[in-house]
>>> print(open('data33.csv').read())   # CSV, C-alpha atoms
chain,number,residue,atom,x,y,z
A,1,MET,CA,284.1,64.5,70.5
A,2,HIS,CA,285.2,65.3,74.0
A,3,PRO,CA,284.2,62.5,76.4
A,4,VAL,CA,282.4,65.0,78.8
A,5,ARG,CA,280.3,66.2,75.9
A,6,LYS,CA,279.6,62.7,74.7
A,7,LYS,CA,278.4,61.9,78.2
A,8,ARG,CA,276.2,65.1,78.3
A,9,LEU,CA,274.8,64.2,74.8
A,10,THR,CA,273.9,60.7,76.0
A,11,ILE,CA,272.1,62.2,79.0
A,12,VAL,CA,270.1,64.6,76.8
A,13,LEU,CA,269.2,61.7,74.4
A,14,PHE,CA,268.0,59.5,77.3
A,15,LEU,CA,266.0,62.4,78.7
A,16,LEU,CA,264.3,62.9,75.3
A,17,ILE,CA,263.6,59.2,74.7
A,18,GLY,CA,262.2,58.7,78.3
A,19,LEU,CA,260.0,61.7,78.0
A,20,SER,CA,258.6,60.7,74.6
A,21,ILE,CA,257.7,57.2,76.0
A,22,ALA,CA,256.0,58.8,79.0
A,23,VAL,CA,254.0,61.2,76.9
A,24,ALA,CA,253.1,58.5,74.4
A,25,LEU,CA,251.8,56.2,77.1
A,26,THR,CA,249.9,59.0,78.7
A,27,THR,CA,248.2,60.2,75.5
A,28,TYR,CA,247.5,56.5,74.6
A,29,ALA,CA,245.8,56.0,78.0
A,30,LEU,CA,243.8,59.1,77.6
A,31,ARG,CA,242.9,58.7,73.9
A,32,GLN,CA,239.2,58.4,74.6
A,33,ASN,CA,239.2,61.7,76.4
A,34,ILE,CA,241.4,63.4,73.7
A,35,ASN,CA,239.1,62.4,70.9
A,36,LEU,CA,236.8,65.3,70.3
A,37,PHE,CA,233.7,63.2,69.3
A,38,TYR,CA,232.3,59.7,69.0
A,39,ASP,CA,231.8,58.5,65.5
A,40,PRO,CA,228.5,56.8,64.5
A,41,SER,CA,230.1,53.3,64.6
A,42,GLN,CA,231.2,53.8,68.2
A,43,ILE,CA,227.7,54.9,69.1
A,44,ALA,CA,226.2,52.0,67.3
A,45,ALA,CA,228.6,49.6,69.1
A,46,GLY,CA,227.3,51.1,72.4
A,47,GLU,CA,230.7,52.7,73.3
A,48,ALA,CA,229.1,56.1,73.9
A,49,PRO,CA,227.4,56.7,77.3
A,50,VAL,CA,223.6,57.4,77.3
A,51,ASP,CA,222.2,60.7,78.7
A,52,VAL,CA,225.7,62.3,79.2
A,53,ARG,CA,226.8,65.4,77.3
A,54,ILE,CA,229.0,64.1,74.5
A,55,ARG,CA,229.9,65.0,71.0
A,56,ALA,CA,229.0,63.0,67.9
A,57,GLY,CA,230.7,63.7,64.5
A,58,GLY,CA,230.7,62.5,60.9
A,59,MET,CA,229.2,63.3,57.5
A,60,VAL,CA,225.7,64.5,57.1
A,61,GLN,CA,224.1,61.7,55.0
A,62,GLU,CA,222.7,62.6,51.6
A,63,ASP,CA,218.9,63.1,51.5
A,64,SER,CA,218.6,62.8,55.2
A,65,VAL,CA,218.0,66.4,56.3
A,66,ILE,CA,214.3,67.0,57.2
A,67,ARG,CA,213.5,70.6,58.2
A,68,ASP,CA,210.3,71.4,60.2
A,69,PRO,CA,208.5,74.1,58.2
A,70,GLU,CA,207.0,75.6,61.3
A,71,SER,CA,210.1,76.0,63.5
A,72,LEU,CA,213.9,75.8,63.4
A,73,LYS,CA,213.8,72.1,64.2
A,74,VAL,CA,215.9,70.0,61.9
A,75,GLU,CA,216.6,66.3,61.8
A,76,PHE,CA,219.4,64.6,59.9
A,77,LYS,CA,221.5,61.5,59.9
A,78,VAL,CA,225.3,61.6,60.6
A,79,THR,CA,227.2,58.8,59.0
A,80,ASP,CA,230.7,57.4,58.8
A,81,PHE,CA,229.7,55.2,55.9
A,82,THR,CA,229.4,52.1,58.1
A,83,SER,CA,226.7,53.1,60.5
A,84,SER,CA,224.7,56.3,61.1
A,85,VAL,CA,223.0,58.1,64.0
A,86,LEU,CA,219.8,60.3,63.9
A,87,VAL,CA,220.4,63.8,65.2
A,88,GLU,CA,217.7,66.2,66.3
A,89,TYR,CA,218.5,69.9,66.6
A,90,THR,CA,216.6,73.1,67.1
A,91,GLY,CA,218.5,76.3,66.2
A,92,ILE,CA,220.5,78.0,63.5
A,93,LEU,CA,222.9,75.8,61.6
A,94,PRO,CA,226.4,77.1,60.5
A,95,ASP,CA,226.8,78.3,56.9
A,96,LEU,CA,228.9,75.3,55.9
A,97,PHE,CA,226.2,72.8,57.0
A,98,ALA,CA,225.1,70.8,54.0
A,99,GLU,CA,224.5,67.2,53.0
A,100,GLY,CA,227.8,65.5,52.4
A,101,GLN,CA,229.6,67.9,54.7
A,102,GLY,CA,231.2,67.0,58.0
A,103,VAL,CA,229.6,68.1,61.3
A,104,VAL,CA,230.3,67.8,65.0
A,105,ALA,CA,227.2,67.9,67.2
A,106,MET,CA,227.1,68.4,71.0
A,107,GLY,CA,224.3,66.9,73.0
A,108,ARG,CA,222.9,63.8,74.7
A,109,LEU,CA,222.1,60.3,73.4
A,110,ASP,CA,218.7,59.2,74.5
A,111,GLY,CA,217.8,55.5,75.1
A,112,GLU,CA,216.5,54.9,71.6
A,113,GLY,CA,219.8,55.8,69.8
A,114,ARG,CA,218.6,59.3,68.9
A,115,PHE,CA,221.1,62.2,69.5
A,116,MET,CA,219.5,65.3,70.9
A,117,ALA,CA,221.9,68.1,69.9
A,118,ASP,CA,222.1,71.6,71.4
A,119,GLN,CA,225.0,72.8,69.3
A,120,VAL,CA,226.0,71.8,65.8
A,121,LEU,CA,229.5,72.8,64.4
A,122,ALA,CA,230.6,72.4,60.8
A,123,LYS,CA,233.8,70.5,60.2
A,124,HIS,CA,235.8,71.6,57.2
A,125,ASP,CA,237.9,69.2,55.2
A,126,GLU,CA,241.4,70.0,53.9
A,127,ASN,CA,240.3,70.4,50.3
A,128,TYR,CA,240.1,73.8,48.7
A,129,MET,CA,239.1,74.7,45.1
A,130,PRO,CA,237.8,77.6,43.1
A,131,PRO,CA,234.0,77.6,42.5
A,132,GLU,CA,234.5,77.2,38.7
A,133,VAL,CA,236.4,74.0,39.2
A,134,ASN,CA,233.6,72.7,41.5
A,135,ASP,CA,231.0,73.6,38.9
A,136,ALA,CA,233.0,71.9,36.2
A,137,LEU,CA,233.4,68.7,38.4
A,138,GLU,CA,229.7,68.6,39.1
A,139,LYS,CA,228.8,69.1,35.5
A,140,ALA,CA,231.1,66.3,34.5
A,141,ALA,CA,229.6,64.1,37.1
A,142,SER,CA,226.0,64.7,36.1
A,143,LEU,CA,227.0,64.3,32.4
A,144,ARG,CA,228.6,60.9,33.3
A,145,ALA,CA,225.5,59.9,35.2
A,146,ALA,CA,223.3,60.9,32.3
A,147,GLU,CA,225.5,58.9,29.9
A,148,SER,CA,225.4,55.8,32.0
A,149,THR,CA,221.6,55.9,32.4
A,150,GLY,CA,221.3,56.6,28.7
A,151,ALA,CA,223.6,53.7,27.9
A,152,ALA,CA,221.5,51.5,30.3
A,153,GLU,CA,218.3,52.6,28.5
A,154,SER,CA,219.7,52.0,25.0
A,155,SER,CA,220.9,48.6,26.0
A,156,THR,CA,217.4,47.6,27.3
A,157,GLY,CA,216.0,49.1,24.1
A,158,TYR,CA,217.7,46.7,21.9
B,1,MET,CA,283.4,70.4,60.2
B,2,TRP,CA,284.1,70.7,63.9
B,3,GLN,CA,286.2,73.7,63.3
B,4,PHE,CA,283.4,75.5,61.5
B,5,PHE,CA,281.1,74.5,64.4
B,6,HIS,CA,283.3,76.0,67.0
B,7,LYS,CA,283.9,79.1,64.9
B,8,LEU,CA,280.1,79.5,64.9
B,9,GLY,CA,280.3,79.7,68.7
B,10,SER,CA,282.3,82.9,68.5
B,11,PRO,CA,280.0,85.9,69.0
B,12,LYS,CA,282.3,88.3,67.0
B,13,TRP,CA,282.4,85.9,64.0
B,14,PHE,CA,278.6,85.5,64.1
B,15,TYR,CA,278.1,89.3,64.4
B,16,ASP,CA,280.1,89.9,61.2
B,17,ILE,CA,278.3,87.1,59.3
B,18,ALA,CA,274.9,88.3,60.4
B,19,THR,CA,275.6,91.9,59.3
B,20,ARG,CA,276.4,90.6,55.8
B,21,LEU,CA,273.5,88.2,55.7
B,22,MET,CA,270.7,90.5,57.0
B,23,PRO,CA,270.0,92.7,54.0
B,24,TRP,CA,269.6,89.5,51.8
B,25,LEU,CA,267.3,87.9,54.3
B,26,PHE,CA,265.3,91.0,54.7
B,27,TRP,CA,264.7,92.0,51.1
B,28,ILE,CA,264.2,88.6,49.7
B,29,GLY,CA,261.9,87.7,52.7
B,30,VAL,CA,259.9,90.9,52.4
B,31,SER,CA,259.4,90.6,48.7
B,32,LEU,CA,258.4,86.9,48.8
B,33,PHE,CA,256.1,87.4,51.8
B,34,MET,CA,254.4,90.5,50.4
B,35,ALA,CA,254.0,89.0,47.0
B,36,GLY,CA,252.5,85.8,48.5
B,37,VAL,CA,250.1,87.7,50.8
B,38,VAL,CA,248.9,90.2,48.2
B,39,TRP,CA,248.5,87.5,45.6
B,40,GLY,CA,246.6,85.3,48.1
B,41,LEU,CA,244.4,88.0,49.6
B,42,ALA,CA,243.5,89.9,46.5
B,43,PHE,CA,244.0,87.8,43.4
B,44,ALA,CA,243.7,84.1,44.2
B,45,PRO,CA,240.3,82.5,43.4
B,46,PRO,CA,237.8,82.1,46.3
B,47,ASP,CA,237.0,78.7,47.7
B,48,TYR,CA,233.8,76.9,46.5
B,49,LEU,CA,232.5,76.4,50.0
B,50,GLN,CA,233.9,79.1,52.2
B,51,GLY,CA,234.0,81.9,49.7
B,52,ASN,CA,236.5,84.6,50.7
B,53,SER,CA,236.9,83.7,54.4
B,54,TYR,CA,239.4,80.9,53.5
B,55,ARG,CA,241.9,83.7,52.6
B,56,ILE,CA,242.9,83.8,56.3
B,57,ILE,CA,245.0,80.7,55.4
B,58,PHE,CA,247.6,83.0,53.9
B,59,ILE,CA,248.3,84.4,57.3
B,60,HIS,CA,247.3,81.5,59.5
B,61,VAL,CA,249.3,78.7,57.8
B,62,PRO,CA,252.6,80.6,57.6
B,63,SER,CA,252.5,81.7,61.2
B,64,ALA,CA,251.5,78.2,62.4
B,65,PHE,CA,254.3,76.7,60.4
B,66,LEU,CA,256.9,79.1,61.7
B,67,ALA,CA,255.6,78.8,65.3
B,68,GLN,CA,256.4,75.1,65.2
B,69,SER,CA,259.7,75.5,63.2
B,70,VAL,CA,261.0,78.1,65.6
B,71,TYR,CA,260.4,75.8,68.5
B,72,ILE,CA,262.3,73.0,66.8
B,73,MET,CA,265.2,75.3,66.1
B,74,MET,CA,265.1,76.4,69.7
B,75,ALA,CA,265.2,72.7,70.8
B,76,VAL,CA,268.3,72.1,68.6
B,77,ALA,CA,269.9,75.2,70.2
B,78,ALA,CA,269.0,73.8,73.6
B,79,VAL,CA,270.9,70.5,72.9
B,80,VAL,CA,273.9,72.6,71.8
B,81,THR,CA,273.6,74.6,75.0
B,82,LEU,CA,273.4,71.5,77.2
B,83,VAL,CA,276.1,69.5,75.5
B,84,TRP,CA,278.6,72.1,74.2
B,85,ARG,CA,277.8,75.0,76.5
B,86,MET,CA,277.9,77.3,73.6
B,87,LYS,CA,276.8,80.8,74.5
B,88,LEU,CA,275.5,81.7,71.1
B,89,ALA,CA,272.9,78.9,71.2
B,90,ASP,CA,271.5,80.4,74.4
B,91,VAL,CA,271.5,83.8,72.7
B,92,PHE,CA,269.4,82.3,69.9
B,93,ILE,CA,266.9,80.7,72.3
B,94,LYS,CA,266.5,84.0,74.2
B,95,SER,CA,266.1,86.0,71.0
B,96,ALA,CA,263.8,83.6,69.2
B,97,ALA,CA,261.3,82.8,72.0
B,98,PRO,CA,259.3,86.1,71.9
B,99,VAL,CA,259.1,85.9,68.1
B,100,GLY,CA,257.8,82.3,68.4
B,101,ALA,CA,255.3,83.4,71.0
B,102,VAL,CA,253.9,86.1,68.8
B,103,LEU,CA,253.6,83.8,65.8
B,104,THR,CA,251.8,81.2,67.9
B,105,PHE,CA,249.4,83.8,69.2
B,106,LEU,CA,248.8,85.0,65.6
B,107,ALA,CA,248.1,81.4,64.5
B,108,LEU,CA,245.6,80.9,67.3
B,109,PHE,CA,244.0,84.3,66.8
B,110,THR,CA,243.5,84.0,63.0
B,111,GLY,CA,242.3,80.5,63.5
B,112,ALA,CA,239.6,81.7,66.0
B,113,VAL,CA,238.5,84.5,63.6
B,114,TRP,CA,238.1,81.9,60.9
B,115,GLY,CA,236.5,79.3,63.1
B,116,LYS,CA,233.6,81.5,64.1
B,117,PRO,CA,232.1,81.8,60.6
B,118,THR,CA,233.3,78.4,59.4
B,119,TRP,CA,232.8,76.0,62.3
B,120,GLY,CA,230.4,78.2,64.3
B,121,THR,CA,232.6,78.6,67.3
B,122,TRP,CA,235.7,80.7,68.3
B,123,TRP,CA,237.3,78.0,70.3
B,124,ILE,CA,236.9,74.3,70.9
B,125,TRP,CA,239.1,72.0,73.1
B,126,ASP,CA,240.1,69.7,70.4
B,127,ALA,CA,243.6,68.1,70.3
B,128,ARG,CA,245.1,70.5,67.7
B,129,LEU,CA,243.9,73.7,69.3
B,130,THR,CA,244.8,72.6,72.8
B,131,SER,CA,248.3,71.4,71.8
B,132,MET,CA,248.9,74.7,70.0
B,133,LEU,CA,247.8,76.6,73.2
B,134,ILE,CA,250.3,74.5,75.1
B,135,LEU,CA,253.0,75.6,72.7
B,136,LEU,CA,252.1,79.2,73.5
B,137,PHE,CA,252.5,78.5,77.2
B,138,LEU,CA,255.8,76.8,76.6
B,139,TYR,CA,257.1,79.9,74.8
B,140,PHE,CA,255.8,82.0,77.7
B,141,GLY,CA,257.5,79.7,80.2
B,142,ALA,CA,260.8,79.9,78.3
B,143,ILE,CA,260.7,83.7,78.3
B,144,ALA,CA,259.7,83.9,81.9
B,145,LEU,CA,262.3,81.4,83.2
B,146,GLY,CA,265.0,83.1,81.2
B,147,ASN,CA,264.2,86.4,82.8
B,148,ALA,CA,263.7,85.0,86.3
B,149,ILE,CA,267.3,83.7,86.7
B,150,SER,CA,269.9,86.5,86.6
B,151,ASP,CA,273.0,84.3,86.4
B,152,GLU,CA,273.7,83.8,82.7
B,153,LYS,CA,274.9,80.2,82.9
B,154,SER,CA,272.2,78.8,85.1
B,155,SER,CA,269.5,80.7,83.2
B,156,ALA,CA,270.9,79.2,79.9
B,157,ARG,CA,270.8,75.6,81.3
B,158,ALA,CA,267.3,76.0,82.9
B,159,VAL,CA,265.7,77.4,79.8
B,160,ALA,CA,267.4,74.8,77.6
B,161,VAL,CA,266.0,71.9,79.7
B,162,LEU,CA,262.5,73.5,79.6
B,163,VAL,CA,262.7,74.0,75.8
B,164,LEU,CA,263.9,70.4,75.3
B,165,VAL,CA,261.2,68.9,77.5
B,166,GLY,CA,258.6,70.9,75.5
B,167,VAL,CA,259.7,69.6,72.2
B,168,VAL,CA,257.6,66.4,72.6
B,169,ASN,CA,254.6,68.7,72.0
B,170,ILE,CA,255.6,69.4,68.4
B,171,PRO,CA,254.9,65.9,67.0
B,172,ILE,CA,251.6,66.0,69.0
B,173,ILE,CA,250.6,69.2,67.3
B,174,LYS,CA,251.6,67.8,63.9
B,175,TYR,CA,249.8,64.5,64.2
B,176,SER,CA,246.9,65.5,66.5
B,177,VAL,CA,244.6,65.7,63.4
B,178,GLU,CA,245.5,62.1,62.4
B,179,TRP,CA,245.7,60.3,65.8
B,180,TRP,CA,242.5,61.7,67.2
B,181,ASN,CA,239.1,63.0,66.1
B,182,THR,CA,239.4,66.7,65.9
B,183,LEU,CA,237.3,69.6,64.6
B,184,HIS,CA,240.4,71.0,62.9
B,185,GLN,CA,240.9,69.6,59.4
B,186,PRO,CA,244.0,67.5,58.4
B,187,ALA,CA,246.9,69.2,56.7
B,188,THR,CA,246.4,70.5,53.2
B,189,PHE,CA,250.2,70.4,52.6
B,190,LYS,CA,251.9,67.1,52.8
B,191,LEU,CA,255.5,66.3,52.0
B,192,THR,CA,254.8,63.2,50.1
B,193,GLU,CA,251.6,64.1,48.2
B,194,LYS,CA,250.3,66.9,46.0
B,195,PRO,CA,248.6,69.7,48.0
B,196,SER,CA,244.8,69.3,48.0
B,197,MET,CA,244.3,72.8,46.6
B,198,PRO,CA,245.0,74.2,43.1
B,199,ALA,CA,248.3,75.8,42.2
B,200,GLU,CA,246.9,79.4,42.1
B,201,MET,CA,246.2,78.9,45.8
B,202,TRP,CA,249.2,76.9,47.0
B,203,VAL,CA,251.9,78.9,45.2
B,204,PRO,CA,251.1,82.2,47.0
B,205,LEU,CA,250.8,80.2,50.2
B,206,LEU,CA,254.2,78.7,49.7
B,207,MET,CA,255.7,82.1,48.9
B,208,ALA,CA,254.2,83.5,52.1
B,209,VAL,CA,255.6,80.6,54.1
B,210,LEU,CA,259.1,80.9,52.6
B,211,GLY,CA,259.1,84.7,52.9
B,212,LEU,CA,258.2,84.4,56.6
B,213,TYR,CA,261.0,81.9,57.2
B,214,LEU,CA,263.5,84.4,55.7
B,215,LEU,CA,262.0,87.3,57.7
B,216,PHE,CA,262.3,85.2,60.8
B,217,GLY,CA,266.0,84.7,60.0
B,218,TRP,CA,266.4,88.4,59.6
B,219,LEU,CA,264.7,89.2,62.9
B,220,ALA,CA,266.6,86.5,64.7
B,221,CYS,CA,269.9,87.9,63.4
B,222,LEU,CA,268.9,91.4,64.5
B,223,ARG,CA,267.8,90.3,68.0
B,224,MET,CA,270.8,88.1,68.4
B,225,GLN,CA,273.2,91.0,67.5
B,226,THR,CA,271.5,93.2,70.1
B,227,GLU,CA,271.8,90.5,72.7
B,228,ILE,CA,275.5,89.9,71.8
B,229,LEU,CA,276.3,93.6,72.2
B,230,ILE,CA,274.6,93.6,75.6
B,231,ARG,CA,276.4,90.5,76.8
B,232,GLU,CA,279.8,91.3,75.3
B,233,GLY,CA,279.8,95.0,76.1
B,234,ARG,CA,283.1,94.7,78.0
B,235,THR,CA,285.1,93.0,75.2
B,236,ARG,CA,287.6,94.8,73.1
B,237,TRP,CA,285.9,94.1,69.7
B,238,VAL,CA,282.6,95.6,70.9
B,239,LYS,CA,284.3,98.7,72.2
B,240,ALA,CA,286.1,99.1,68.8
B,241,LEU,CA,282.8,98.6,67.0
B,242,VAL,CA,281.1,101.3,69.0
B,243,GLN,CA,284.0,103.7,68.4
B,244,THR,CA,283.9,103.2,64.7
B,245,GLY,CA,280.1,103.9,64.7
B,246,GLY,CA,279.0,100.3,64.0
B,247,ASN,CA,280.7,100.1,60.6
B,248,ALA,CA,283.0,97.2,61.4
>>> encode(input="data33.csv", output="structure tokens")
Amino acid sequence: MHPVRKKRLTIVLFLLIGLSIAVALTTYALRQNINLFYDPSQIAAGEAPVDVRIRAGGMVQEDSVIRDPESLKVEFKVTDFTSSVLVEYTGILPDLFAEGQGVVAMGRLDGEGRFMADQVLAKHDENYMPPEVNDALEKAASLRAAESTGAAESSTGY
Amino acid sequence: MWQFFHKLGSPKWFYDIATRLMPWLFWIGVSLFMAGVVWGLAFAPPDYLQGNSYRIIFIHVPSAFLAQSVYIMMAVAAVVTLVWRMKLADVFIKSAAPVGAVLTFLALFTGAVWGKPTWGTWWIWDARLTSMLILLFLYFGAIALGNAISDEKSSARAVAVLVLVGVVNIPIIKYSVEWWNTLHQPATFKLTEKPSMPAEMWVPLLMAVLGLYLLFGWLACLRMQTEILIREGRTRWVKALVQTGGNA
């Protein structure tokens, strides 16, 4: 390689490395602002500010959704499987909202650790499957559950 | 190897190669892309949660893939421009930038259309969406800067520096869903693992992606040929080509 070109290539490489380090440090310093939402563990640890508009995200805990029969008010727990936070929301939920699905809620944290949401968005995961496969999986899971309880019963029966 | 590399820098040599390559790129690309899209949109099974709305993936993912790949190719061409001062690399950057901008816009647009029913919002300022929007502005910047400087050599260098600086955004787009909390889901396709969708969904998706790559190759060749003819209009081989009616 021609020495002039070699010199230019070195300059280009230095430019790229320097730039990458600068961007890496910037994004690292701003990581709390780049994160879209706080997860329940962060809220439990007191990292989230109280009474400031923030987002909280995680999975809707199984058997935690309580709907008010009179209004659109709904209460549910959002969990990351280590801690959970109670969310209150009045309004229409997105179609994909369900127990065991991901959500991101926007709102304020009150002093008692309840999250007053004014917007709830569904978070989709990266898994896709046809409905028949899901039915089959669920059937297999319930069958397995029935078998294990059956086995437990028969073992106590003896 | 260096000889081949320098030959590649000759506009006439590239023009001839491109003419021979283009029908292949076009026909294989069109058939793969159309087969993938028709299979995906009409015949692939629906998703258990989203129903039919997930089918936008067959447009969204190929255009998002290409939008990023085109930028990486442009960055490689930018290094060649800066180090070897090869004119053809600049021709590629100038020809590819508008295509990349359109693909980025398409990815953002289809994502918004899908986001409304699925997430409940058209737009959210999460890391993935924002970094993709920055990519769109980088493309716009490269196009605008290229047009703003009339001197061919300074325009080539300025655009190359801009493109090269912007390339740090590509890993940010790619890993945004892993480094930070985002509303956008992580990648379904990973190089090291099996895709988290069944074959009757990912095969048409892969076909659409590969088809779009080939179609981009075709479009890039076509646009580069036009750009070469404009730039080399005074040379003997272009004059001869025009006189024979383009059948070199």
>>> residues_around(input="data33.csv", residues="segment 65-69 of chain A", least_positions_apart="5", cutoff="10 Å", atoms="only C-alpha atoms", output="compact mmCIF listing (two decimals) with C-alpha atoms, keeping the file's coordinate frame")
# COMPACT_ATOMS: atom_id res chain seq x y z
CA VAL A 60 225.70 64.50 57.10
CA VAL A 74 215.90 70.00 61.90
CA GLU A 75 216.60 66.30 61.80
CA PHE A 76 219.40 64.60 59.90
CA LYS A 77 221.50 61.50 59.90
CA VAL A 78 225.30 61.60 60.60
CA LEU A 86 219.80 60.30 63.90
CA VAL A 87 220.40 63.80 65.20
CA GLU A 88 217.70 66.20 66.30
CA TYR A 89 218.50 69.90 66.60
CA THR A 90 216.60 73.10 67.10
CA ALA A 98 225.10 70.80 54.00
CA GLU A 99 224.50 67.20 53.00
>>> closest_residue(input="data33.csv", among="A:Leu30, A:Ala141, A:Val104, A:Ala45", to="His124 of chain A", atoms="all atoms listed in the file")
A:Val104
>>> closest_residue(input="data33.csv", among="A:Gly107, A:Gly100, A:Pro94, A:Gly18", to="chain B", atoms="only C-alpha atoms")
A:Pro94
>>> closest_atom_pairs(input="data33.csv", of="chain B", to="chain A", cutoff="6 Å", atoms="only C-alpha atoms", output="CSV")
residue,atom,partner,partner_atom,distance
B:Pro45,CA,A:Pro130,CA,5.5
B:Pro46,CA,A:Pro130,CA,5.5
B:Asp47,CA,A:Pro130,CA,4.8
B:Tyr48,CA,A:Pro131,CA,4.1
B:Val83,CA,A:Arg8,CA,5.2
B:Trp119,CA,A:Ala122,CA,4.5
B:Gly120,CA,A:Leu121,CA,5.5
B:Asp126,CA,A:Leu36,CA,5.5
B:Trp180,CA,A:Asn35,CA,5.1
B:Asn181,CA,A:Asn35,CA,4.8
B:Thr182,CA,A:Leu36,CA,5.3
B:Leu183,CA,A:Lys123,CA,5.7
B:Gln185,CA,A:Asp125,CA,5.2
B:Pro186,CA,A:Glu126,CA,5.8
B:Thr188,CA,A:Glu126,CA,5.1
B:Ser196,CA,A:Asn127,CA,5.2
B:Met197,CA,A:Tyr128,CA,4.8
>>> closest_residue(input="data33.csv", among="B:Phe92, B:Trp39, B:Trp114, B:Trp24", to="Met73 of chain B", atoms="all atoms listed in the file")
B:Phe92
>>> residues_around(input="data33.csv", residues="Ile43 of chain A", least_positions_apart="5", cutoff="10 Å", atoms="all atoms listed in the file", output="list in words")
Tyr38, Ala48, Pro49, Val50, Ala56, Ser83, Ser84, Val85, Leu109, Gly113 and Phe115 of chain A
>>> residues_around(input="data33.csv", residues="Ala75 of chain B", least_positions_apart="5", cutoff="8 Å", atoms="only C-alpha atoms", output="list in words")
Ala160, Val163, Leu164 and Val167 of chain B
>>> residues_around(input="data33.csv", residues="Lys174 of chain B", least_positions_apart="3", cutoff="9 Å", atoms="all atoms listed in the file", output="PyMOL selection string")
chain B and resi 68+128+169-171+177-178+187
